file model_34.tsv (TSV, C-alpha atoms)
chain	number	residue	atom	x	y	z
A	1342	MET	CA	39.11	-35.53	134.49
A	1343	LEU	CA	41.47	-36.45	137.32
A	1344	LEU	CA	40.49	-39.78	138.88
A	1345	VAL	CA	41.68	-40.12	142.49
A	1346	GLY	CA	41.60	-43.28	144.58
A	1347	LEU	CA	40.98	-42.64	148.28
A	1348	THR	CA	41.72	-45.51	150.64
A	1349	GLY	CA	42.74	-46.33	154.17
A	1350	ASN	CA	42.22	-49.06	156.70
A	1351	ILE	CA	39.13	-49.27	158.87
A	1352	ALA	CA	38.59	-46.37	161.31
A	1353	SER	CA	41.38	-44.33	159.71
A	1354	GLY	CA	38.95	-41.48	159.01
A	1355	LYS	CA	38.72	-42.02	155.27
A	1356	SER	CA	35.04	-41.04	155.15
A	1357	THR	CA	35.79	-37.79	156.96
A	1358	VAL	CA	38.48	-36.97	154.41
A	1359	ALA	CA	36.05	-37.82	151.61
A	1360	ARG	CA	33.53	-35.29	152.98
A	1361	LEU	CA	36.24	-32.64	153.23
A	1362	LEU	CA	37.25	-33.23	149.61
A	1363	VAL	CA	33.63	-32.97	148.48
A	1364	ALA	CA	33.34	-29.66	150.34
A	1365	ARG	CA	36.29	-28.43	148.27
A	1366	GLY	CA	34.72	-29.41	144.97
A	1367	ALA	CA	35.38	-33.10	144.37
A	1368	THR	CA	32.81	-35.49	142.94
A	1369	LEU	CA	32.58	-38.52	145.24
A	1370	VAL	CA	31.92	-42.11	144.24
A	1371	ASP	CA	31.62	-44.30	147.35
A	1372	ALA	CA	32.38	-48.01	147.04
A	1373	ASP	CA	30.40	-48.80	150.20
A	1374	VAL	CA	27.30	-47.21	148.69
A	1375	LEU	CA	27.83	-49.21	145.51
A	1376	ALA	CA	28.38	-52.38	147.55
A	1377	ARG	CA	25.01	-51.92	149.27
A	1378	ARG	CA	23.37	-51.41	145.90
A	1379	ALA	CA	25.09	-54.51	144.53
A	1380	VAL	CA	23.57	-56.80	147.19
A	1381	GLU	CA	20.01	-55.46	147.30
A	1382	PRO	CA	17.33	-58.19	147.35
A	1383	GLY	CA	16.76	-59.55	143.89
A	1384	THR	CA	20.33	-59.08	142.70
A	1385	ALA	CA	22.59	-61.94	141.66
A	1386	ALA	CA	25.01	-61.09	144.46
A	1387	HIS	CA	22.25	-61.26	147.09
A	1388	ARG	CA	21.20	-64.69	145.82
A	1389	ALA	CA	24.81	-65.92	145.85
A	1390	ILE	CA	25.35	-64.75	149.44
A	1391	VAL	CA	22.22	-66.51	150.66
A	1392	ALA	CA	23.20	-69.66	148.77
A	1393	ARG	CA	26.57	-69.73	150.55
A	1394	TRP	CA	25.75	-68.52	154.08
A	1395	GLY	CA	22.02	-69.09	154.40
A	1396	THR	CA	19.18	-66.94	155.68
A	1397	ALA	CA	20.96	-66.29	159.00
A	1398	VAL	CA	22.68	-63.35	157.30
A	1399	LEU	CA	19.34	-61.71	156.38
A	1400	ASP	CA	17.22	-59.33	158.40
A	1401	PRO	CA	13.44	-59.85	158.73
A	1402	SER	CA	12.80	-57.86	155.54
A	1403	GLY	CA	15.04	-60.15	153.49
A	1404	ALA	CA	17.83	-57.61	153.10
A	1405	LEU	CA	21.37	-58.44	154.17
A	1406	ASP	CA	22.09	-58.12	157.87
A	1407	ARG	CA	25.55	-56.61	157.44
A	1408	ALA	CA	26.51	-57.08	161.10
A	1409	ALA	CA	25.61	-60.78	160.97
A	1410	LEU	CA	27.51	-61.25	157.73
A	1411	ARG	CA	30.51	-59.40	159.15
A	1412	ARG	CA	30.63	-61.78	162.11
A	1413	VAL	CA	30.73	-64.72	159.71
A	1414	VAL	CA	33.47	-63.48	157.41
A	1415	PHE	CA	35.84	-61.33	159.46
A	1416	GLY	CA	38.58	-63.38	161.03
A	1417	ASP	CA	38.27	-66.09	158.36
A	1418	PRO	CA	40.28	-65.08	155.28
A	1419	ALA	CA	38.70	-67.75	153.08
A	1420	GLU	CA	35.17	-66.61	153.91
A	1421	LEU	CA	36.07	-62.95	153.47
A	1422	GLU	CA	37.60	-63.65	150.07
A	1423	ALA	CA	34.50	-65.62	149.07
A	1424	LEU	CA	32.33	-62.62	149.93
A	1425	ASN	CA	34.63	-60.27	148.03
A	1426	ALA	CA	34.52	-62.54	144.99
A	1427	ILE	CA	30.73	-62.25	144.96
A	1428	VAL	CA	30.37	-58.54	145.62
A	1429	HIS	CA	33.35	-56.79	144.07
A	1430	PRO	CA	32.90	-57.56	140.37
A	1431	GLU	CA	29.49	-55.90	140.55
A	1432	VAL	CA	30.87	-52.95	142.53
A	1433	GLU	CA	33.58	-52.46	139.91
A	1434	ARG	CA	30.97	-52.44	137.14
A	1435	LEU	CA	28.89	-49.84	138.98
A	1436	SER	CA	31.98	-47.71	139.63
A	1437	ARG	CA	32.94	-47.71	135.96
A	1438	ASP	CA	29.44	-46.48	135.12
A	1439	ALA	CA	29.77	-43.70	137.73
A	1440	PHE	CA	33.15	-42.61	136.35
A	1441	ALA	CA	31.76	-42.51	132.82
A	1442	ASP	CA	28.84	-40.37	134.00
A	1443	ALA	CA	31.23	-37.95	135.75
A	1444	ARG	CA	33.40	-37.68	132.66
A	1445	ALA	CA	30.33	-36.99	130.52
A	1446	ARG	CA	29.32	-34.18	132.90
A	1447	GLY	CA	32.78	-32.64	132.67
A	1448	ASP	CA	33.67	-33.14	136.36
A	1449	ARG	CA	37.28	-32.14	137.02
A	1450	ILE	CA	38.22	-34.23	140.08
A	1451	VAL	CA	36.50	-37.51	140.90
A	1452	VAL	CA	37.37	-39.23	144.19
A	1453	TYR	CA	36.61	-42.94	144.54
A	1454	ASP	CA	36.36	-43.86	148.22
A	1455	VAL	CA	37.36	-47.53	148.15
A	1456	PRO	CA	38.63	-49.52	151.15
A	1457	LEU	CA	40.13	-52.38	149.13
A	1458	LEU	CA	41.92	-50.38	146.45
A	1459	PHE	CA	45.22	-52.22	146.75
A	1460	GLU	CA	43.76	-55.57	147.78
A	1461	ARG	CA	41.65	-55.74	144.63
A	1462	GLY	CA	44.49	-54.67	142.34
A	1463	LEU	CA	42.89	-51.36	141.38
A	1464	ALA	CA	45.89	-49.05	141.80
A	1465	HIS	CA	46.51	-48.80	138.05
A	1466	THR	CA	42.98	-47.40	137.59
A	1467	PHE	CA	43.76	-44.03	139.19
A	1468	ASP	CA	45.70	-40.93	138.27
A	1469	ARG	CA	46.54	-40.33	141.94
A	1470	ILE	CA	46.08	-42.27	145.19
A	1471	ILE	CA	45.45	-40.89	148.68
A	1472	VAL	CA	45.94	-43.06	151.76
A	1473	VAL	CA	44.40	-41.94	155.06
A	1474	ASP	CA	46.09	-43.43	158.11
A	1475	ALA	CA	46.08	-43.43	161.90
A	1476	PRO	CA	47.89	-45.59	164.47
A	1477	PRO	CA	46.33	-49.03	165.05
A	1478	GLU	CA	45.58	-48.38	168.73
A	1479	LEU	CA	43.69	-45.20	167.84
A	1480	ARG	CA	41.74	-47.03	165.14
A	1481	LEU	CA	40.89	-49.75	167.68
A	1482	GLU	CA	39.55	-47.12	170.08
A	1483	ARG	CA	37.48	-45.53	167.31
A	1484	LEU	CA	35.92	-48.85	166.32
A	1485	GLN	CA	34.90	-49.57	169.89
A	1486	ARG	CA	33.53	-46.06	170.41
A	1487	ASP	CA	31.83	-45.43	167.07
A	1488	ARG	CA	30.56	-48.90	166.19
A	1489	ALA	CA	29.92	-50.24	169.69
A	1490	LEU	CA	32.18	-53.23	169.09
A	1491	ASP	CA	33.99	-55.11	171.80
A	1492	ARG	CA	37.78	-54.98	171.73
A	1493	ASP	CA	38.21	-58.52	170.36
A	1494	GLU	CA	35.84	-57.98	167.43
A	1495	ALA	CA	37.43	-54.63	166.63
A	1496	ALA	CA	40.90	-56.19	166.74
A	1497	ARG	CA	39.80	-58.97	164.37
A	1498	MET	CA	38.51	-56.42	161.87
A	1499	ILE	CA	41.82	-54.58	161.94
A	1500	ALA	CA	43.83	-57.79	161.65
A	1501	ALA	CA	41.80	-58.94	158.63
A	1502	GLN	CA	43.06	-56.00	156.55
A	1503	MET	CA	46.27	-55.46	154.62
A	1504	PRO	CA	48.74	-53.51	156.81
A	1505	ALA	CA	48.94	-49.77	156.27
A	1506	GLU	CA	52.68	-49.61	155.56
A	1507	PRO	CA	52.66	-51.03	152.01
A	1508	LYS	CA	49.67	-48.85	151.18
A	1509	ARG	CA	51.48	-45.74	152.38
A	1510	ALA	CA	54.50	-46.69	150.29
A	1511	ARG	CA	52.41	-46.74	147.10
A	1512	ALA	CA	50.39	-43.58	147.78
A	1513	ASP	CA	50.89	-40.25	146.06
A	1514	PHE	CA	49.57	-38.52	149.19
A	1515	VAL	CA	49.34	-39.73	152.80
A	1516	ILE	CA	46.92	-37.94	155.10
A	1517	GLU	CA	47.60	-38.55	158.78
A	1518	ASN	CA	44.45	-38.50	160.89
A	1519	ALA	CA	45.72	-38.80	164.42
A	1520	GLY	CA	45.56	-35.17	165.55
A	1521	THR	CA	43.13	-32.29	165.63
A	1522	ARG	CA	40.39	-31.53	163.15
A	1523	GLU	CA	42.25	-28.34	162.28
A	1524	ALA	CA	45.41	-30.30	161.41
A	1525	LEU	CA	43.40	-32.70	159.28
A	1526	GLU	CA	41.71	-29.89	157.38
A	1527	ALA	CA	45.05	-28.17	156.79
A	1528	ARG	CA	46.52	-31.34	155.29
A	1529	VAL	CA	43.43	-31.91	153.14
A	1530	ASP	CA	43.81	-28.34	151.88
A	1531	GLU	CA	47.40	-29.09	150.84
A	1532	VAL	CA	46.37	-32.24	149.00
A	1533	TRP	CA	43.40	-30.51	147.36
A	1534	ARG	CA	45.56	-27.69	146.04
A	1535	ALA	CA	47.93	-30.25	144.48
A	1536	LEU	CA	45.04	-32.15	142.88
A	1537	ASP	CA	43.43	-28.95	141.64
A	1538	ARG	CA	46.66	-27.87	139.97
A	1539	GLU	CA	47.07	-31.23	138.34
A	1540	ALA	CA	43.46	-31.34	137.15
A	1541	GLY	CA	44.08	-28.04	135.38
A	1542	GLU	CA	47.02	-29.57	133.55
A	1543	THR	CA	45.44	-32.92	132.74
A	1544	THR	CA	44.69	-33.70	129.13
A	1545	PRO	CA	41.25	-35.33	128.95
A	1546	ARG	CA	41.36	-39.05	128.28
A	1547	PRO	CA	39.70	-40.21	125.08
call {"tool": "encode", "arguments": {"input": "model_34.tsv", "output": "structure tokens"}}
result
Amino acid sequence: MLLVGLTGNIASGKSTVARLLVARGATLVDADVLARRAVEPGTAAHRAIVARWGTAVLDPSGALDRAALRRVVFGDPAELEALNAIVHPEVERLSRDAFADARARGDRIVVYDVPLLFERGLAHTFDRIIVVDAPPELRLERLQRDRALDRDEAARMIAAQMPAEPKRARADFVIENAGTREALEARVDEVWRALDREAGETTPRP
């Protein structure tokens, strides 16, 4: 099984690339999906978040209000790191379970869509790493358009993340997502062919 880390800064188009890879045969594990599972009401992470930030970050049903929590933590590195320290150990446990399940099924290429791959020191986990990137101004426009954020909030979200350049330098593949859909699909095809070849040559891990 070839385990591929897929990452990229916010509004780079990483989720679009993930869908394209799935369409070509990849098994997808999505860290955002795992993160939502990790903080469901009744979990230890949910209780820890409420203990730190109070019920103002909950919706009327008692579930996390992700927009309210985002406003609290983005722009304050200490608060963001505190949230990560609560959520990410559980996400990493869930991801390991998902990888084990994929290996047991005999899946050839597993893509882990994970925004904080480098920030959380996970690079060594993967056989190959893909970074999706787009210019900051384009990502700012996408955040305002797609998430209905004002420019200042969108800029704070971008500024809170590790810059793209060091991520690109450590990637096995960089997928630029600043042009047409056709150009993006052509580049994904190139990357997929390389991964498919390598998966055919990979000796299964014990």
call {"tool": "atom_distance", "arguments": {"input": "model_34.tsv", "atom1": "CA of Leu1479 (chain A)", "atom2": "CA of Gly1354 (chain A)"}}
result
10.7 Å
call {"tool": "atom_distance", "arguments": {"input": "model_34.tsv", "atom1": "CA of Glu1517 (chain A)", "atom2": "CA of Ala1475 (chain A)"}}
result
6.0 Å
call {"tool": "atom_distance", "arguments": {"input": "model_34.tsv", "atom1": "CA of Ala1408 (chain A)", "atom2": "CA of Met1498 (chain A)"}}
result
12.0 Å
call {"tool": "closest_residue", "arguments": {"input": "model_34.tsv", "among": "A:Ala1496, A:Leu1410, A:Ile1470, A:Ala1426", "to": "Arg1483 (chain A)", "atoms": "all atoms listed in the file"}}
result
A:Ala1496
call {"tool": "residues_around", "arguments": {"input": "model_34.tsv", "residues": "Ala1364 (chain A)", "least_positions_apart": "6", "cutoff": "12 Å", "atoms": "only C-alpha atoms", "output": "ChimeraX atom specification"}}
result
/A:1357-1358,1526,1529-1530,1533
call {"tool": "residues_around", "arguments": {"input": "model_34.tsv", "residues": "Ser1436 (chain A)", "least_positions_apart": "2", "cutoff": "12 Å", "atoms": "only C-alpha atoms", "output": "PDB file with C-alpha atoms, keeping the file's coordinate frame"}}
result
ATOM      1  CA  LEU A1344      40.490 -39.780 138.880  1.00  0.00           C
ATOM      2  CA  GLY A1346      41.600 -43.280 144.580  1.00  0.00           C
ATOM      3  CA  LEU A1369      32.580 -38.520 145.240  1.00  0.00           C
ATOM      4  CA  VAL A1370      31.920 -42.110 144.240  1.00  0.00           C
ATOM      5  CA  ASP A1371      31.620 -44.300 147.350  1.00  0.00           C
ATOM      6  CA  ALA A1372      32.380 -48.010 147.040  1.00  0.00           C
ATOM      7  CA  ASP A1373      30.400 -48.800 150.200  1.00  0.00           C
ATOM      8  CA  VAL A1374      27.300 -47.210 148.690  1.00  0.00           C
ATOM      9  CA  LEU A1375      27.830 -49.210 145.510  1.00  0.00           C
ATOM     10  CA  ALA A1376      28.380 -52.380 147.550  1.00  0.00           C
ATOM     11  CA  ARG A1378      23.370 -51.410 145.900  1.00  0.00           C
ATOM     12  CA  ALA A1379      25.090 -54.510 144.530  1.00  0.00           C
ATOM     13  CA  HIS A1429      33.350 -56.790 144.070  1.00  0.00           C
ATOM     14  CA  PRO A1430      32.900 -57.560 140.370  1.00  0.00           C
ATOM     15  CA  GLU A1431      29.490 -55.900 140.550  1.00  0.00           C
ATOM     16  CA  VAL A1432      30.870 -52.950 142.530  1.00  0.00           C
ATOM     17  CA  GLU A1433      33.580 -52.460 139.910  1.00  0.00           C
ATOM     18  CA  ARG A1434      30.970 -52.440 137.140  1.00  0.00           C
ATOM     19  CA  ASP A1438      29.440 -46.480 135.120  1.00  0.00           C
ATOM     20  CA  ALA A1439      29.770 -43.700 137.730  1.00  0.00           C
ATOM     21  CA  PHE A1440      33.150 -42.610 136.350  1.00  0.00           C
ATOM     22  CA  ALA A1441      31.760 -42.510 132.820  1.00  0.00           C
ATOM     23  CA  ASP A1442      28.840 -40.370 134.000  1.00  0.00           C
ATOM     24  CA  ALA A1443      31.230 -37.950 135.750  1.00  0.00           C
ATOM     25  CA  VAL A1451      36.500 -37.510 140.900  1.00  0.00           C
ATOM     26  CA  VAL A1452      37.370 -39.230 144.190  1.00  0.00           C
ATOM     27  CA  TYR A1453      36.610 -42.940 144.540  1.00  0.00           C
ATOM     28  CA  ASP A1454      36.360 -43.860 148.220  1.00  0.00           C
ATOM     29  CA  VAL A1455      37.360 -47.530 148.150  1.00  0.00           C
ATOM     30  CA  LEU A1463      42.890 -51.360 141.380  1.00  0.00           C
ATOM     31  CA  THR A1466      42.980 -47.400 137.590  1.00  0.00           C
TER      32      THR A1466
END
call {"tool": "closest_residue", "arguments": {"input": "model_34.tsv", "among": "A:Ala1535, A:Ile1351, A:Ala1409, A:Val1391", "to": "Ile1499 (chain A)", "atoms": "all atoms listed in the file"}}
result
A:Ile1351
call {"tool": "residues_near_point", "arguments": {"input": "model_34.tsv", "point": "(51.2, -50.2, 153.0)", "cutoff": "12 Å", "atoms": "only C-alpha atoms", "output": "count of residues only"}}
result
23
call {"tool": "residues_near_point", "arguments": {"input": "model_34.tsv", "point": "(38.1, -44.2, 166.4)", "cutoff": "10 Å", "atoms": "all atoms listed in the file", "output": "PyMOL selection string"}}
result
chain A and resi 1351-1354+1475+1477-1488+1519
call {"tool": "residues_around", "arguments": {"input": "model_34.tsv", "residues": "region 1417-1422 of chain A", "least_positions_apart": "4", "cutoff": "10 Å", "atoms": "only C-alpha atoms", "output": "PyMOL selection string"}}
result
chain A and resi 1393-1394+1410-1413+1426-1428+1497+1501-1502
call {"tool": "build_atoms", "arguments": {"input": "model_34.tsv", "residues": "region 1508-1532 of chain A", "atoms": "N, CA and C atoms", "output": "short mmCIF file (atom, residue, chain, number, x, y, z; two decimals), keeping the file's coordinate frame"}}
result
data_model
loop_
_atom_site.label_atom_id
_atom_site.label_comp_id
_atom_site.auth_asym_id
_atom_site.auth_seq_id
_atom_site.Cartn_x
_atom_site.Cartn_y
_atom_site.Cartn_z
N LYS A 1508 50.58 -49.79 151.83
CA LYS A 1508 49.67 -48.85 151.18
C LYS A 1508 50.28 -47.44 151.17
N ARG A 1509 50.84 -47.05 152.30
CA ARG A 1509 51.48 -45.74 152.38
C ARG A 1509 52.61 -45.62 151.36
N ALA A 1510 53.36 -46.71 151.19
CA ALA A 1510 54.50 -46.69 150.29
C ALA A 1510 54.08 -46.46 148.83
N ARG A 1511 52.87 -46.86 148.48
CA ARG A 1511 52.41 -46.74 147.10
C ARG A 1511 51.53 -45.52 146.86
N ALA A 1512 51.28 -44.73 147.90
CA ALA A 1512 50.39 -43.58 147.78
C ALA A 1512 51.11 -42.38 147.19
N ASP A 1513 50.37 -41.55 146.48
CA ASP A 1513 50.89 -40.25 146.06
C ASP A 1513 50.79 -39.24 147.20
N PHE A 1514 49.76 -39.40 148.04
CA PHE A 1514 49.57 -38.52 149.19
C PHE A 1514 49.17 -39.39 150.39
N VAL A 1515 49.76 -39.11 151.54
CA VAL A 1515 49.34 -39.73 152.80
C VAL A 1515 48.76 -38.64 153.67
N ILE A 1516 47.56 -38.88 154.18
CA ILE A 1516 46.92 -37.94 155.10
C ILE A 1516 46.86 -38.59 156.48
N GLU A 1517 47.61 -38.04 157.41
CA GLU A 1517 47.60 -38.55 158.78
C GLU A 1517 46.37 -38.02 159.50
N ASN A 1518 45.66 -38.90 160.17
CA ASN A 1518 44.45 -38.50 160.89
C ASN A 1518 44.53 -38.96 162.34
N ALA A 1519 45.52 -38.43 163.02
CA ALA A 1519 45.72 -38.80 164.42
C ALA A 1519 45.73 -37.57 165.33
N GLY A 1520 45.49 -36.39 164.77
CA GLY A 1520 45.56 -35.17 165.55
C GLY A 1520 44.24 -34.43 165.59
N THR A 1521 44.32 -33.12 165.54
CA THR A 1521 43.13 -32.29 165.63
C THR A 1521 42.40 -32.20 164.30
N ARG A 1522 41.17 -31.77 164.38
CA ARG A 1522 40.39 -31.53 163.15
C ARG A 1522 41.05 -30.43 162.32
N GLU A 1523 41.60 -29.43 163.00
CA GLU A 1523 42.25 -28.34 162.28
C GLU A 1523 43.46 -28.84 161.49
N ALA A 1524 44.24 -29.74 162.10
CA ALA A 1524 45.41 -30.30 161.41
C ALA A 1524 44.98 -31.14 160.22
N LEU A 1525 43.91 -31.89 160.39
CA LEU A 1525 43.40 -32.70 159.28
C LEU A 1525 42.95 -31.81 158.13
N GLU A 1526 42.19 -30.78 158.44
CA GLU A 1526 41.71 -29.89 157.38
C GLU A 1526 42.87 -29.19 156.67
N ALA A 1527 43.90 -28.82 157.42
CA ALA A 1527 45.05 -28.17 156.79
C ALA A 1527 45.74 -29.11 155.81
N ARG A 1528 45.88 -30.37 156.19
CA ARG A 1528 46.52 -31.34 155.29
C ARG A 1528 45.63 -31.61 154.08
N VAL A 1529 44.33 -31.72 154.28
CA VAL A 1529 43.43 -31.91 153.14
C VAL A 1529 43.52 -30.72 152.19
N ASP A 1530 43.64 -29.52 152.73
CA ASP A 1530 43.81 -28.34 151.88
C ASP A 1530 45.06 -28.46 151.00
N GLU A 1531 46.16 -28.91 151.60
CA GLU A 1531 47.40 -29.09 150.84
C GLU A 1531 47.20 -30.08 149.69
N VAL A 1532 46.59 -31.21 150.02
CA VAL A 1532 46.37 -32.24 149.00
C VAL A 1532 45.43 -31.73 147.92
#
